[in-house]
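Asker: The structure that follows is given in the form of structure tokens.
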Amino acid sequence: MRLMLSRFFALASLATLMFAFGCGSTTSSSSGTAPTGGGSAQNSVALAVDGGPAGIGGIYQDAAFASVTLCVPGTTNCQTIDHVLVDTGSYGLRILKSGSAPLTLPLTQEGTLAECAQFESFFTWGPVMMADVKMAGEVASNVPIQVIGDTDTGFGDIPTACQDSSPGGAADTLQTLGANGLLGVGSFIRDCPACVTSANNQGFYYSCPTASTCTQANVPLAQQVANPVAMFASDNNGVLIQLPAISSSGQATATGTMFFGIGTQSNNALGSATVFQLDEYGDFTTVYNGQSYPGSFLDSGSNGIFFLTTALTGMPDCGGDNTGFYCPAATTPFTTTTEGTTGTSETVAFNAANANTLLSGTNAAFNNLTGDQPTCFVNTTTTGPCFDWGLPFFFGRKVFTAIEGQPTPAGPGPYWAY
Amino acid sequence: MVGLRETSPRSFQLCCIVMLLIVALPAWAALGGDESSIHADQAKMGASVRITRTATHAVHELQTPGGQMIREYVSPSGTVFGIAWQGASKPDLKQLLGDHFEEVQQAMQRRGVKRGPVVINEPDVAFEMGGHMRAFAGRAYLPQLLPPGVQADAIR
């Protein structure tokens with residue numbers, strides 16, 4: 001089932017409905033003048049690898065968090081939300097409803113639009129709403145964001161099709177998400193271009209005349225949840241994530257900086273970084289042991305370097321609570337080469353330590369936490385093992401993520417540079 | 001859907017046969033089911049199908065209208081022992097995993113907070129999911145039902 005656009009326009013009057021947000025939680029609250037989020041410059045915010053917000057019931061290792069300020073569009077009615085996961089592996093801002101109190105945000109021009117945003121291990125369900133998104137001195141005005149939470153957003157009934165795509169279930173609480181939101185600042189601008197025309201719109205977007213009657217709907221790009229960086233008035237061609245080098249035994253916390261823009265200010269110049277162009281899926285190639293693994297990608301939101309298989313690496317999976325991580329008997333070095341689609345390449349070396357040992361302590365930042373990644377999307381007919389360069393890759397590097405189609409001193413994105 | 005209309009006896013007969021066939025198909029199919037269960041998957045997803053046969057197994061390749069590619073691996077005895085999928089979004093995994101969906105669900109709940117790929121190795125089912133937003137891939141298989149001469153790596 002799908003709804004055509006005419007149905008949306010019929011619903012457009014609903015767009016003036018305002019949805020109120022309920023209970024507050026771990027956020028710092030402010031009305032009036034919005035705080036700037038923690039960086040020292042107009043175009044930078046602080047990053048914290050600190051184990052995650054209080055209340056998640058454990059330590060979220062190798063996750064980088066930033067604060068984001070949301071405002072009712074065109075007003076100074078704002079809320080700063082801490083511990084939003086910085087994620088170069090997704091596109092668009094998603095905020096837990098419990099973390100955005102007490103803002104009242106408007107729905108999109110398309111009326112009651114809700115989204116089932118899919119991730120590898122879970123989905124997020126909730127309405128698409130409009131907000132001004134502010135970080136440091138940058139503002140993305142009136143952009144669609146997703147508000148996550150299924151109980152009191154008025155979108156309580158998760159469509160069956162959404163639930164059936166993800167045995168991992170919904171990440172719609174502080175405990176299941178491990179963060180107050182996800183800040184998708186990857187190389188793409190929208191989260192589902194195929195949803196504009198695709199026959200089943202990929203199961204991502206739903207029109208909801210009432211909370212219990214959501215049906216799959218095609219959605220124009222302009223109404224889709226968007227990478228807010230691409231919507232900034234300036235410094236909008238990508239981000240530079242800079243995290244310090246850390247000890248091989250891990251650290252309790254680490255702090256760094258996310259700069260907005262590439263080559264737009266004195267603090268975000270490419271310098272001597274090598275540029276790796278990406279394919280149409282947002283991936284490049286990693287070579288290991290003479291074998292090429294296309295479909296590889298950089299993803300600050302992955303909390304480890306996930307690569308290949310137990311057979312290809314010779315390392316056992318930890319099993320138990322740490323299934324999916326590697327547990328070598330001794331720390332094991334790996335040397336690889338990353339390759340862009342235009343042939344640029346660079347050697348990348350890293351270590352794989354025993355994850356059971358790393359995760360048994362209280363440290364939150366590791367540069368050697370690794371796991372398996374046996375199945376990746378390569379192209380429309382091929383899958384295979386790949387390298388998912390998660391947060392450990394980012395320590396001790398300056399990593400640029402350039403957004404598709406946006407001009408930079410090295411040409412337009414999408415690309416990574418480091 | 002079967003609509004209620006005035007029908008000729010002949011088309012009424014046909015209609016009943018079609019309805020009986022629909023009732024006879026297993027509601028949840030695919031992994032662990034027989035070859036005919038693939039028709040249920042195909043119907044539920046509105047997919048086209050292409051079948052290739054090798055010496056050791058058959059591969060039913062389903063293409064959904066939304067651009068997802070699903071491959072179902074069938075043993076010579078007619079059991080679906082593996083499934084692989086890829087696309088800009090995840091397919092109807094409840095349909096494809098059938099009776100094993102809940103088992104995978106429970107195994108995933110036992111994992112800690114982690115935003116990354118999924119690797120699950122239960123005694124009777126393996127499940128993997130990787131990639132990222134706009135480019136997902138995954139597979140599931142029944143290790144004990146792999147036909148002789150077929151490695152798990154063949155399922156992708």
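Each chain in the structure tokens gets a letter, A, B, ..., in the order shown, and its residues are numbered from 1; ligands are numbered from 1 in order too.
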Should the cut-off be 8 Å, what would the residue list for chain A against chain B look like, counting only C-alpha atoms, as an NGL selection string?

Answerer: :A and (60 or 89-91 or 118-121 or 161 or 164-169 or 176-178 or 191-192 or 194 or 198-204 or 281 or 295 or 301-304 or 306 or 321-324 or 372-377 or 380-384 or 388)

Asker: Using only C-alpha atoms, determine which residues lie at most 6 Å from Phe325 (chain A), disregarding the query and same-chain residues fewer than 3 positions distant; provide the list as number ranges by chain.

Answerer: A: 317-318, 322, 370-371

Asker: Determine, counting only C-alpha atoms, which protein, DNA and RNA residues have an atom within 6 Å of an atom of Gly78 (chain B); residues of the same chain fewer than 3 positions away are not included. Present the result as a ChimeraX atom specification.

Answerer: /B:34-35,74-75

Asker: Write to file, as an mmCIF file, in the first residue's frame, the residues of the selection just made, with C-alpha atoms.

Answerer:
data_model
loop_
_atom_site.group_PDB
_atom_site.id
_atom_site.type_symbol
_atom_site.label_atom_id
_atom_site.label_comp_id
_atom_site.auth_asym_id
_atom_site.auth_seq_id
_atom_site.Cartn_x
_atom_site.Cartn_y
_atom_site.Cartn_z
ATOM 1 C CA ASP B 34 9.965 -26.325 1.939
ATOM 2 C CA GLU B 35 10.466 -25.009 -1.564
ATOM 3 C CA VAL B 74 17.119 -24.828 -1.273
ATOM 4 C CA SER B 75 18.635 -28.264 -0.600
#

Asker: Can you list, as a VMD selection string, every residue of region 310-415 of chain A that DSSP puts in helix (DSSP H, G or I)?

Answerer: chain A and resid 310 to 313 320 to 322 355 to 359 391 to 394

Asker: Can you tell me which residues surround Thr52 (chain B) at a distance of at most 12 Å, considering only C-alpha atoms, apart from same-chain residues fewer than 5 positions away, and format the answer as JSON, numbers by chain?

Answerer: {"B": [57, 58, 59, 60, 61, 62, 71, 72, 73, 74]}

Asker: Restrict the selected residues to N, CA and C atoms and save them as a CSV table (one decimal), in the first residue's frame.

Answerer:
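Dumped everything to out_31.csv:
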chain,number,residue,atom,x,y,z
B,57,HIS,N,22.6,-27.5,-4.9
B,57,HIS,CA,21.4,-26.8,-4.3
B,57,HIS,C,20.8,-25.9,-5.4
B,58,ALA,N,19.6,-25.3,-5.1
B,58,ALA,CA,19.0,-24.4,-6.0
B,58,ALA,C,18.9,-23.0,-5.3
B,59,VAL,N,19.0,-22.0,-6.1
B,59,VAL,CA,18.9,-20.6,-5.6
B,59,VAL,C,17.7,-19.9,-6.2
B,60,HIS,N,16.8,-19.5,-5.4
B,60,HIS,CA,15.6,-18.7,-5.8
B,60,HIS,C,15.9,-17.2,-5.5
B,61,GLU,N,16.0,-16.5,-6.6
B,61,GLU,CA,16.4,-15.1,-6.4
B,61,GLU,C,15.2,-14.2,-6.6
B,62,LEU,N,14.8,-13.6,-5.5
B,62,LEU,CA,13.6,-12.7,-5.5
B,62,LEU,C,14.0,-11.3,-5.6
B,71,ARG,N,17.9,-13.9,-1.8
B,71,ARG,CA,18.2,-15.2,-2.4
B,71,ARG,C,17.9,-16.3,-1.3
B,72,GLU,N,17.1,-17.3,-1.8
B,72,GLU,CA,16.8,-18.4,-0.9
B,72,GLU,C,17.4,-19.6,-1.4
B,73,TYR,N,18.1,-20.3,-0.5
B,73,TYR,CA,18.9,-21.5,-0.9
B,73,TYR,C,18.2,-22.8,-0.5
B,74,VAL,N,18.0,-23.6,-1.5
B,74,VAL,CA,17.1,-24.8,-1.3
B,74,VAL,C,18.0,-26.1,-1.5

Asker: When DSSP works through the backbone of this structure, what residues of region 28-81 of chain B end up as strand (DSSP E), shown as a VMD selection string?

Answerer: chain B and resid 48 to 53 58 to 63 69 to 74 80 to 81

Asker: Mind writing the picked residues with C-alpha atoms as a PDB file, in the first residue's frame?

Answerer:
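Contents of selection_20.pdb, freshly written:
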ATOM      1  CA  SER B  48       9.655 -11.545  -9.170  1.00  0.00           C
ATOM      2  CA  VAL B  49      11.683 -14.743  -8.976  1.00  0.00           C
ATOM      3  CA  ARG B  50      14.494 -16.359 -10.947  1.00  0.00           C
ATOM      4  CA  ILE B  51      15.687 -19.877 -10.180  1.00  0.00           C
ATOM      5  CA  THR B  52      19.148 -21.283 -10.797  1.00  0.00           C
ATOM      6  CA  ARG B  53      20.088 -24.866  -9.935  1.00  0.00           C
ATOM      7  CA  ALA B  58      18.961 -24.385  -5.964  1.00  0.00           C
ATOM      8  CA  VAL B  59      18.906 -20.601  -5.572  1.00  0.00           C
ATOM      9  CA  HIS B  60      15.627 -18.704  -5.835  1.00  0.00           C
ATOM     10  CA  GLU B  61      16.405 -15.063  -6.431  1.00  0.00           C
ATOM     11  CA  LEU B  62      13.564 -12.723  -5.481  1.00  0.00           C
ATOM     12  CA  GLN B  63      13.535  -9.096  -6.594  1.00  0.00           C
ATOM     13  CA  MET B  69      17.308  -8.639  -3.629  1.00  0.00           C
ATOM     14  CA  ILE B  70      16.595 -11.830  -1.687  1.00  0.00           C
ATOM     15  CA  ARG B  71      18.213 -15.181  -2.360  1.00  0.00           C
ATOM     16  CA  GLU B  72      16.752 -18.368  -0.911  1.00  0.00           C
ATOM     17  CA  TYR B  73      18.918 -21.500  -0.908  1.00  0.00           C
ATOM     18  CA  VAL B  74      17.119 -24.828  -1.273  1.00  0.00           C
ATOM     19  CA  VAL B  80      15.251 -23.759   2.510  1.00  0.00           C
ATOM     20  CA  PHE B  81      18.548 -23.859   4.422  1.00  0.00           C
TER      21      PHE B  81
END

Asker: Can you work out which one of A:Ser247, A:Thr357, A:Ser187, A:Thr331 has the shortest atom-to-atom distance to Phe276 (chain A), counting only C-alpha atoms?

Answerer: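 For Phe276 (chain A), the nearest of the candidates is A:Ser187.
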
Asker: Which neighbours of Ala140 (chain B) fall inside 6 Å, counting only C-alpha atoms, when residues of the same chain fewer than 4 positions from it are skipped, and could you give them as an mmCIF file with C-alpha atoms, in the first residue's frame?

Answerer:
data_model
loop_
_atom_site.group_PDB
_atom_site.id
_atom_site.type_symbol
_atom_site.label_atom_id
_atom_site.label_comp_id
_atom_site.auth_asym_id
_atom_site.auth_seq_id
_atom_site.Cartn_x
_atom_site.Cartn_y
_atom_site.Cartn_z
ATOM 1 C CA GLY B 82 19.751 -20.315 3.846
ATOM 2 C CA ILE B 83 18.612 -16.814 2.951
ATOM 3 C CA ALA B 126 23.112 -18.168 12.260
ATOM 4 C CA PHE B 127 22.126 -14.563 11.521
#

Asker: Given the choices A:Gln79, A:Thr197, A:Asn142, A:Asn363, which gets closest to Pro228 (chain A) if the distance is worked out from only C-alpha atoms?

Answerer: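 Comparing A:Gln79, A:Thr197, A:Asn142, A:Asn363 against Pro228 (chain A), the winner is A:Asn142.
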
Asker: Which is closest to Thr124 (chain A) among A:Tyr205, A:Phe395, A:Phe366, A:Phe188, if we use only C-alpha atoms?

Answerer: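 For Thr124 (chain A), the nearest of the given residues is A:Tyr205.
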
Asker: I want to know what sits within 9 Å of Pro123 (chain B), based on only C-alpha atoms, with residues of the same chain fewer than 5 positions away left out; could you give that as a count of residues only?

Answerer: 3
